[in-house]
Amino acid sequence: MLIHRLHRIFQVFAEASMAIDGRGARLHDAAGRQIGATTAVEVRSNRLIVRGTAPAGGIVLRLGAVAHPGTIDPATGAFRFDLPFETGAMEIVPEGHPAQPLSGFTSAQLARARWRLAGRFGLTLLTLLPQILRWKARGDMEARESVKETLKLVIRPTAGLIDKSVLTPPSTPPVPGRAMLLMPVHNAFDLVVEALDRVVRHSGTDWHLIVIEDASTDPRLRPWLCAWAAEQGARVTLLLQDINLGFIGAVNLGFEVARRNPDLPVVLINSDAMVPKDWLPRLLAPLADPSVASVTPMSNDAELLTVPVIVKPHSLAPGQGDALDAAARNLAAGTIHPDLPTGVGFCMALSPRFLREIPTFDTDFGRGYGEEVDWCRKALLCGGRHVCAQNLFVEHRGGASFGFATKQRLLEENGARIARRYPRFAGEVENFLRGDPLTTPRLALALSLAGLGGEVPVYLAHALGGGAEDWLRDRIKDRADRGRSSVVVRVGQRHRWRLEVHGPEGMTAGVCNDVSVVESLIQRLPNRRIIYSCGVSHPEAAELPEVLLRLADGGHPVEVLFHDFFAISPSYTLLDADSVFRGVPLGGVTDDPAHRHLAPDSTVTDLAEWQARWGRLVARAERVVTFSNDSGAHVLRAYPQARGRMVVAPHSPVGAVPVVTPPGGTDPVIGVLGNIGPHKGAAVLQRLSRDLARQGGGRLIVLGHLASDFSLAKPSQVHGTYRLEDLPGLVARYGIRGWFMPSVWPETFSFTTHEVLATGMPIAAFDLGAQGEAVRRAVAAGATGGVLPMTLAQGEGDLAVALRAMLRLA
């Protein structure tokens, strides 16, 4: 049994890790002239990828007996197929040209590729042994998730650790320091006026500003600057250039003037950088460390220091920059600053020590972009460090002087120059992106930005995937498309808590094990709606209702969604210990062990206490949402106090499902869609496959995975990962003529049932839960199929015969 289970786990590991490269081929017309080529034929995970170029028009890839149509980009001639992997011969057919064979992949190649992965799998198991023992011996759920992520049984999430100390407000403000400020100016009149006004109003008193007017073509700018500088008096030096020096030349001229005060730091300020109140002391503070060569603030457009999503610049609405800085100044400045691969020159303080070593920017970088990276890399060679002022946010309205197209060209040209000079730089940037040591300030400011846009939904959700997760992603995307943000507090991973902020710019995430940190961060949302989606797999799930109530402190609205029945019982499927549904369990009535919760510290929460805790959350909820009439009845059985606040809101489809024409013939092939665990009917399928094999009356095809404790008798088989758009090809490949939903728990809403109903093919399900409700409704409307009595699931009667008859299969 253990060997069999390890083999099944290895199959999933191998599928996720698989990489086979095949041979491309030239494409010819009927006369033998070359018309294109397949440039890549490869297997990645469980997908077959074919890429190449061909004449404009259509193109078809044939795998065995199934033809997959594709299209060719008329501008580039490029085509790409991304299909479920299959061994065997392949042909490619450009429109109007003969079919041409491609080197397909053989079963032997597949076996060799898997064998090469066996050693890595075994070594991985050995390294995981301590965590496996903690999981099995002590029920450590965090160790379990770590094992599953490493073995690729689930997708490994990426997020940096949240540093609690950064969230502690500073006890005293930073001490003001003297500095030389340097601003090159070229056109962008309105921005220059605002930027200089902010420097004067927000920089305190101990500074001197050097403005280099670099031969602007806007006739308004120079007269205005001359008048403005005269008003400022001795604290401003204005340098007027009749010949345009470019950004680097202008900065170097400013450096020359600044060297008259060689012991003062120099702060570069772009004319599109809008400094906030009291910014200068916070920017200069890290220079107290003699090893620090440069300091850059957080911004909305500052490469590695961009908020909310790293390296994704975006514009801010009026007032948002100042609001974000007000939030940033409540972050601890910290005594330990993570090293950056480079500073960012839009607003960067430079140490006088390192300016003496490297007194100018390199003029090889022409008009600009990349010159500050070059300076910073040289400073690293001199022992310098580059850090971020985490408690400062400066708005950057980038690209105003050069324009977008010119900026992009300069970035590409000078980026190539940096790569040649500093070949390790790109790798350091990649490492920074992977680990993101600025996760905490980025996440804190992402929440503050989200809070500026009105009410923000805060979902508590699991990390198990499935239909509820697809629904949640759809809700998040819909809000992002409308310029709104969403927050997810996710449980059930290696760390107990993962906080995600989703917005129009993308997602920012951080992880921690301290719930007080999560609560502190959520407080940054002054107008929030707390929504329980699902907490299955959280190791201390009995505490979740109280956590959610604390997040709602202050009168914030609460919703409870019943994607499953975890809020009724620790057995979120309502199945008893023997995997049989016997009705809604009630505290004080049901004593089945499946309905008790065991925490990592061995604390047991019985069903009565569980329902008392979750009942307080249900009573506080403004809305209680169920997704089928059947699930609504179960919820009211456990929590009659929800009556009057309950809403039945069936889900909409989360993806387009193609209508499928079943193949001809009489072979009774039954398809099963989705990943099948015990509650989804794995034992039923195992028994059914054996009955079908013994009777010689057909086979099962599972499009998805089967839990590793179970197996199918041949000729039934498990396909593995699929996508909805693959269904027509997979139905044709395997000859599937009807669907079976084997789930043995009363699903609250079955996305999979609705997906297979949308194909238009016959379907059968047990007369239970939302899946039975959906099939009955569809059959009443004219669909083929029906519901089967639950006694067949328990082995009473011949399920194989009943299923074939219901699906009208020979």
# chains A, B, ... in the order shown; residues from 1 in each chain; ligands from 1
>>> select_by_dssp(residues="range 397-540 of chain A", states="alpha helix (DSSP H)", output="PyMOL selection string")
chain A and resi 404-421+425-435+439-451+467-481+515-522
>>> residues_around(residues="range 754-768 of chain A", least_positions_apart="2", cutoff="6 Å", atoms="only C-alpha atoms", output="list of chain:residue names")
A:Pro658, A:Val659, A:Val660, A:Gly738, A:Trp739, A:Phe740, A:Met741, A:Pro746, A:Phe751, A:Thr752, A:Gly772, A:Thr784, A:Gly785, A:Gly786, A:Val787, A:Leu788, A:Pro789, A:Met790, A:Leu807
>>> select_by_dssp(residues="range 565-754 of chain A", states="strand (DSSP E)", output="list in words")
His597, Leu598, Val604, Thr605, Arg623, Val624, Val625, Thr626, Met646, Val647, Val648, Val669, Ile670, Gly671, Val672, Leu673, Arg699, Leu700, Ile701, Val702, Leu703, Gln717, Val718, Ile736, Arg737, Gly738, Trp739, Phe740 and Met741 of chain A
>>> write_last_selection(atoms="N, CA and C atoms", output="mmCIF file, in the first residue's frame")
data_model
loop_
_atom_site.group_PDB
_atom_site.id
_atom_site.type_symbol
_atom_site.label_atom_id
_atom_site.label_comp_id
_atom_site.auth_asym_id
_atom_site.auth_seq_id
_atom_site.Cartn_x
_atom_site.Cartn_y
_atom_site.Cartn_z
ATOM 1 N N HIS A 597 -12.604 18.690 16.389
ATOM 2 C CA HIS A 597 -11.414 19.346 15.852
ATOM 3 C C HIS A 597 -10.240 19.173 16.816
ATOM 4 N N LEU A 598 -9.099 18.711 16.285
ATOM 5 C CA LEU A 598 -7.881 18.533 17.069
ATOM 6 C C LEU A 598 -6.868 19.579 16.647
ATOM 7 N N VAL A 604 -8.872 19.586 21.977
ATOM 8 C CA VAL A 604 -10.010 19.052 21.233
ATOM 9 C C VAL A 604 -11.193 19.998 21.390
ATOM 10 N N THR A 605 -11.796 20.361 20.272
ATOM 11 C CA THR A 605 -13.024 21.150 20.282
ATOM 12 C C THR A 605 -14.155 20.257 19.803
ATOM 13 N N ARG A 623 -24.977 39.264 6.219
ATOM 14 C CA ARG A 623 -25.530 38.352 5.212
ATOM 15 C C ARG A 623 -24.921 36.978 5.407
ATOM 16 N N VAL A 624 -25.740 35.964 5.228
ATOM 17 C CA VAL A 624 -25.288 34.574 5.188
ATOM 18 C C VAL A 624 -25.633 34.063 3.794
ATOM 19 N N VAL A 625 -24.609 33.676 3.038
ATOM 20 C CA VAL A 625 -24.797 33.363 1.626
ATOM 21 C C VAL A 625 -24.599 31.876 1.393
ATOM 22 N N THR A 626 -25.595 31.245 0.796
ATOM 23 C CA THR A 626 -25.463 29.866 0.331
ATOM 24 C C THR A 626 -25.632 29.871 -1.187
ATOM 25 N N MET A 646 -30.397 35.123 5.238
ATOM 26 C CA MET A 646 -29.798 34.201 4.285
ATOM 27 C C MET A 646 -30.156 34.586 2.857
ATOM 28 N N VAL A 647 -29.148 34.494 1.993
ATOM 29 C CA VAL A 647 -29.317 34.746 0.565
ATOM 30 C C VAL A 647 -28.857 33.508 -0.183
ATOM 31 N N VAL A 648 -29.697 32.986 -1.073
ATOM 32 C CA VAL A 648 -29.297 31.876 -1.944
ATOM 33 C C VAL A 648 -28.869 32.481 -3.276
ATOM 34 N N VAL A 669 -17.528 4.600 -22.768
ATOM 35 C CA VAL A 669 -16.482 5.283 -22.010
ATOM 36 C C VAL A 669 -17.131 6.391 -21.198
ATOM 37 N N ILE A 670 -16.901 6.378 -19.891
ATOM 38 C CA ILE A 670 -17.525 7.328 -18.969
ATOM 39 C C ILE A 670 -16.455 8.290 -18.475
ATOM 40 N N GLY A 671 -16.685 9.575 -18.643
ATOM 41 C CA GLY A 671 -15.743 10.585 -18.193
ATOM 42 C C GLY A 671 -16.076 11.075 -16.798
ATOM 43 N N VAL A 672 -15.018 11.361 -16.025
ATOM 44 C CA VAL A 672 -15.154 11.936 -14.686
ATOM 45 C C VAL A 672 -14.261 13.174 -14.666
ATOM 46 N N LEU A 673 -14.832 14.310 -14.321
ATOM 47 C CA LEU A 673 -14.100 15.572 -14.400
ATOM 48 C C LEU A 673 -13.663 16.025 -13.010
ATOM 49 N N ARG A 699 -15.207 1.601 -19.577
ATOM 50 C CA ARG A 699 -14.094 2.065 -18.750
ATOM 51 C C ARG A 699 -14.339 3.508 -18.307
ATOM 52 N N LEU A 700 -13.585 3.927 -17.282
ATOM 53 C CA LEU A 700 -13.635 5.286 -16.771
ATOM 54 C C LEU A 700 -12.398 6.051 -17.229
ATOM 55 N N ILE A 701 -12.568 7.330 -17.517
ATOM 56 C CA ILE A 701 -11.456 8.240 -17.792
ATOM 57 C C ILE A 701 -11.590 9.418 -16.829
ATOM 58 N N VAL A 702 -10.653 9.550 -15.902
ATOM 59 C CA VAL A 702 -10.661 10.662 -14.953
ATOM 60 C C VAL A 702 -9.819 11.794 -15.541
ATOM 61 N N LEU A 703 -10.466 12.875 -15.902
ATOM 62 C CA LEU A 703 -9.752 14.061 -16.379
ATOM 63 C C LEU A 703 -9.419 14.903 -15.152
ATOM 64 N N GLN A 717 -8.478 4.718 -16.697
ATOM 65 C CA GLN A 717 -7.217 5.416 -16.498
ATOM 66 C C GLN A 717 -7.442 6.847 -16.028
ATOM 67 N N VAL A 718 -6.360 7.414 -15.477
ATOM 68 C CA VAL A 718 -6.351 8.795 -14.988
ATOM 69 C C VAL A 718 -5.536 9.634 -15.969
ATOM 70 N N ILE A 736 -15.037 9.562 -24.920
ATOM 71 C CA ILE A 736 -15.984 9.725 -23.804
ATOM 72 C C ILE A 736 -17.375 10.013 -24.350
ATOM 73 N N ARG A 737 -18.375 9.281 -23.824
ATOM 74 C CA ARG A 737 -19.740 9.430 -24.337
ATOM 75 C C ARG A 737 -20.735 9.879 -23.284
ATOM 76 N N GLY A 738 -20.280 10.028 -22.043
ATOM 77 C CA GLY A 738 -21.158 10.514 -20.981
ATOM 78 C C GLY A 738 -20.333 10.820 -19.740
ATOM 79 N N TRP A 739 -20.914 11.583 -18.801
ATOM 80 C CA TRP A 739 -20.206 12.017 -17.590
ATOM 81 C C TRP A 739 -20.836 11.421 -16.336
ATOM 82 N N PHE A 740 -19.997 11.189 -15.347
ATOM 83 C CA PHE A 740 -20.467 10.719 -14.045
ATOM 84 C C PHE A 740 -19.873 11.614 -12.971
ATOM 85 N N MET A 741 -20.749 12.118 -12.079
ATOM 86 C CA MET A 741 -20.303 12.894 -10.924
ATOM 87 C C MET A 741 -20.408 11.992 -9.692
#
>>> atom_distance(atom1="CA of Pro539 in chain A", atom2="CA of Leu607 in chain A")
16.3 Å
>>> closest_residue(among="A:Gln34, A:Thr603, A:Thr360, A:Ser171", to="Gln100 in chain A", atoms="only C-alpha atoms")
A:Gln34
>>> residues_around(residues="range 233-245 of chain A", least_positions_apart="3", cutoff="8 Å", atoms="only C-alpha atoms", output="list in words")
Trp207, His208, Leu209, Ile210, Val211, Ile212, Glu213, Asp214, Ala215, Ser216, Leu225, Cys226, Ala229, Ala230, Ile248, Gly249, Ala250 and Arg367 of chain A
>>> closest_residue(among="A:Ala707, A:Thr127, A:Gly384, A:Arg434", to="Gly720 in chain A", atoms="only C-alpha atoms")
A:Ala707
>>> residues_around(residues="Val292 in chain A", least_positions_apart="6", cutoff="8 Å", atoms="only C-alpha atoms", output="list in words")
Pro286, Ser351, Gly384, Arg385, His386 and Val387 of chain A
>>> residues_around(residues="Arg178 in chain A", least_positions_apart="4", cutoff="8 Å", atoms="only C-alpha atoms", output="list in words")
Asp206, Trp207, Leu264 and Pro265 of chain A
>>> residues_around(residues="His68 in chain A", least_positions_apart="6", cutoff="10 Å", atoms="only C-alpha atoms", output="number ranges by chain")
A: 59-62, 81, 83, 92, 726, 728-729
>>> atom_distance(atom1="CA of Ser299 in chain A", atom2="CA of Gly483 in chain A")
19.0 Å
>>> decode(residues="range 163-199 of chain A", atoms="N, CA and C atoms", output="PDB file, in the first residue's frame")
ATOM      1  N   ASP A 163       7.869  41.469   8.492  1.00  0.00           N
ATOM      2  CA  ASP A 163       8.705  41.819   9.639  1.00  0.00           C
ATOM      3  C   ASP A 163       7.892  42.703  10.581  1.00  0.00           C
ATOM      4  N   LYS A 164       7.512  42.153  11.732  1.00  0.00           N
ATOM      5  CA  LYS A 164       6.648  42.878  12.665  1.00  0.00           C
ATOM      6  C   LYS A 164       7.273  44.183  13.125  1.00  0.00           C
ATOM      7  N   SER A 165       8.610  44.218  13.255  1.00  0.00           N
ATOM      8  CA  SER A 165       9.265  45.413  13.782  1.00  0.00           C
ATOM      9  C   SER A 165       9.076  46.622  12.863  1.00  0.00           C
ATOM     10  N   VAL A 166       8.926  46.391  11.563  1.00  0.00           N
ATOM     11  CA  VAL A 166       8.742  47.510  10.631  1.00  0.00           C
ATOM     12  C   VAL A 166       7.402  48.192  10.856  1.00  0.00           C
ATOM     13  N   LEU A 167       6.438  47.481  11.426  1.00  0.00           N
ATOM     14  CA  LEU A 167       5.103  48.031  11.628  1.00  0.00           C
ATOM     15  C   LEU A 167       4.992  48.844  12.903  1.00  0.00           C
ATOM     16  N   THR A 168       6.059  48.913  13.700  1.00  0.00           N
ATOM     17  CA  THR A 168       6.048  49.662  14.947  1.00  0.00           C
ATOM     18  C   THR A 168       6.304  51.141  14.666  1.00  0.00           C
ATOM     19  N   PRO A 169       5.388  52.027  15.031  1.00  0.00           N
ATOM     20  CA  PRO A 169       5.616  53.451  14.746  1.00  0.00           C
ATOM     21  C   PRO A 169       6.887  53.958  15.423  1.00  0.00           C
ATOM     22  N   PRO A 170       7.621  54.887  14.789  1.00  0.00           N
ATOM     23  CA  PRO A 170       8.858  55.406  15.388  1.00  0.00           C
ATOM     24  C   PRO A 170       8.557  56.196  16.649  1.00  0.00           C
ATOM     25  N   SER A 171       9.417  56.060  17.649  1.00  0.00           N
ATOM     26  CA  SER A 171       9.212  56.771  18.919  1.00  0.00           C
ATOM     27  C   SER A 171       9.571  58.239  18.805  1.00  0.00           C
ATOM     28  N   THR A 172      10.585  58.557  17.989  1.00  0.00           N
ATOM     29  CA  THR A 172      10.994  59.953  17.794  1.00  0.00           C
ATOM     30  C   THR A 172      11.220  60.204  16.311  1.00  0.00           C
ATOM     31  N   PRO A 173      10.932  61.414  15.840  1.00  0.00           N
ATOM     32  CA  PRO A 173      11.173  61.717  14.424  1.00  0.00           C
ATOM     33  C   PRO A 173      12.665  61.782  14.139  1.00  0.00           C
ATOM     34  N   PRO A 174      13.074  61.508  12.891  1.00  0.00           N
ATOM     35  CA  PRO A 174      14.497  61.589  12.552  1.00  0.00           C
ATOM     36  C   PRO A 174      15.013  63.027  12.702  1.00  0.00           C
ATOM     37  N   VAL A 175      16.282  63.143  13.037  1.00  0.00           N
ATOM     38  CA  VAL A 175      16.894  64.452  13.242  1.00  0.00           C
ATOM     39  C   VAL A 175      17.150  65.110  11.891  1.00  0.00           C
ATOM     40  N   PRO A 176      16.749  66.374  11.699  1.00  0.00           N
ATOM     41  CA  PRO A 176      17.022  67.046  10.419  1.00  0.00           C
ATOM     42  C   PRO A 176      18.518  67.151  10.159  1.00  0.00           C
ATOM     43  N   GLY A 177      18.896  67.075   8.886  1.00  0.00           N
ATOM     44  CA  GLY A 177      20.294  67.204   8.500  1.00  0.00           C
ATOM     45  C   GLY A 177      20.439  68.128   7.308  1.00  0.00           C
ATOM     46  N   ARG A 178      21.612  68.689   7.138  1.00  0.00           N
ATOM     47  CA  ARG A 178      21.883  69.580   6.020  1.00  0.00           C
ATOM     48  C   ARG A 178      22.134  68.762   4.763  1.00  0.00           C
ATOM     49  N   ALA A 179      21.755  69.330   3.615  1.00  0.00           N
ATOM     50  CA  ALA A 179      21.961  68.626   2.349  1.00  0.00           C
ATOM     51  C   ALA A 179      21.979  69.610   1.200  1.00  0.00           C
ATOM     52  N   MET A 180      22.666  69.212   0.133  1.00  0.00           N
ATOM     53  CA  MET A 180      22.609  69.910  -1.148  1.00  0.00           C
ATOM     54  C   MET A 180      21.595  69.182  -2.017  1.00  0.00           C
ATOM     55  N   LEU A 181      20.586  69.901  -2.491  1.00  0.00           N
ATOM     56  CA  LEU A 181      19.566  69.324  -3.357  1.00  0.00           C
ATOM     57  C   LEU A 181      19.882  69.717  -4.797  1.00  0.00           C
ATOM     58  N   LEU A 182      19.689  68.786  -5.721  1.00  0.00           N
ATOM     59  CA  LEU A 182      20.082  69.009  -7.110  1.00  0.00           C
ATOM     60  C   LEU A 182      18.935  68.579  -8.021  1.00  0.00           C
ATOM     61  N   MET A 183      18.397  69.530  -8.807  1.00  0.00           N
ATOM     62  CA  MET A 183      17.271  69.221  -9.697  1.00  0.00           C
ATOM     63  C   MET A 183      17.567  69.703 -11.116  1.00  0.00           C
ATOM     64  N   PRO A 184      17.826  68.794 -12.068  1.00  0.00           N
ATOM     65  CA  PRO A 184      17.902  69.182 -13.480  1.00  0.00           C
ATOM     66  C   PRO A 184      16.485  69.436 -14.012  1.00  0.00           C
ATOM     67  N   VAL A 185      16.342  70.430 -14.874  1.00  0.00           N
ATOM     68  CA  VAL A 185      15.037  70.805 -15.389  1.00  0.00           C
ATOM     69  C   VAL A 185      15.104  70.902 -16.908  1.00  0.00           C
ATOM     70  N   HIS A 186      14.143  70.277 -17.584  1.00  0.00           N
ATOM     71  CA  HIS A 186      14.019  70.410 -19.038  1.00  0.00           C
ATOM     72  C   HIS A 186      12.547  70.267 -19.396  1.00  0.00           C
ATOM     73  N   ASN A 187      11.932  71.401 -19.794  1.00  0.00           N
ATOM     74  CA  ASN A 187      10.510  71.423 -20.140  1.00  0.00           C
ATOM     75  C   ASN A 187       9.644  70.972 -18.964  1.00  0.00           C
ATOM     76  N   ALA A 188       8.468  70.337 -19.238  1.00  0.00           N
ATOM     77  CA  ALA A 188       7.539  69.870 -18.201  1.00  0.00           C
ATOM     78  C   ALA A 188       7.212  70.994 -17.225  1.00  0.00           C
ATOM     79  N   PHE A 189       6.778  72.144 -17.768  1.00  0.00           N
ATOM     80  CA  PHE A 189       6.594  73.357 -16.976  1.00  0.00           C
ATOM     81  C   PHE A 189       5.724  73.130 -15.742  1.00  0.00           C
ATOM     82  N   ASP A 190       4.544  72.550 -15.927  1.00  0.00           N
ATOM     83  CA  ASP A 190       3.619  72.406 -14.801  1.00  0.00           C
ATOM     84  C   ASP A 190       4.208  71.533 -13.698  1.00  0.00           C
ATOM     85  N   LEU A 191       4.892  70.460 -14.093  1.00  0.00           N
ATOM     86  CA  LEU A 191       5.506  69.595 -13.087  1.00  0.00           C
ATOM     87  C   LEU A 191       6.621  70.319 -12.344  1.00  0.00           C
ATOM     88  N   VAL A 192       7.431  71.088 -13.073  1.00  0.00           N
ATOM     89  CA  VAL A 192       8.526  71.813 -12.440  1.00  0.00           C
ATOM     90  C   VAL A 192       7.993  72.783 -11.382  1.00  0.00           C
ATOM     91  N   VAL A 193       6.946  73.498 -11.719  1.00  0.00           N
ATOM     92  CA  VAL A 193       6.357  74.452 -10.775  1.00  0.00           C
ATOM     93  C   VAL A 193       5.914  73.739  -9.501  1.00  0.00           C
ATOM     94  N   GLU A 194       5.210  72.621  -9.670  1.00  0.00           N
ATOM     95  CA  GLU A 194       4.722  71.900  -8.487  1.00  0.00           C
ATOM     96  C   GLU A 194       5.868  71.275  -7.709  1.00  0.00           C
ATOM     97  N   ALA A 195       6.837  70.679  -8.429  1.00  0.00           N
ATOM     98  CA  ALA A 195       7.950  70.012  -7.742  1.00  0.00           C
ATOM     99  C   ALA A 195       8.760  71.010  -6.924  1.00  0.00           C
ATOM    100  N   LEU A 196       9.057  72.194  -7.476  1.00  0.00           N
ATOM    101  CA  LEU A 196       9.840  73.193  -6.740  1.00  0.00           C
ATOM    102  C   LEU A 196       9.052  73.766  -5.567  1.00  0.00           C
ATOM    103  N   ASP A 197       7.762  73.957  -5.770  1.00  0.00           N
ATOM    104  CA  ASP A 197       6.928  74.436  -4.669  1.00  0.00           C
ATOM    105  C   ASP A 197       6.958  73.457  -3.496  1.00  0.00           C
ATOM    106  N   ARG A 198       6.920  72.159  -3.811  1.00  0.00           N
ATOM    107  CA  ARG A 198       6.966  71.158  -2.743  1.00  0.00           C
ATOM    108  C   ARG A 198       8.324  71.142  -2.053  1.00  0.00           C
ATOM    109  N   VAL A 199       9.392  71.286  -2.804  1.00  0.00           N
ATOM    110  CA  VAL A 199      10.710  71.324  -2.176  1.00  0.00           C
ATOM    111  C   VAL A 199      10.784  72.452  -1.158  1.00  0.00           C
TER     112      VAL A 199
END
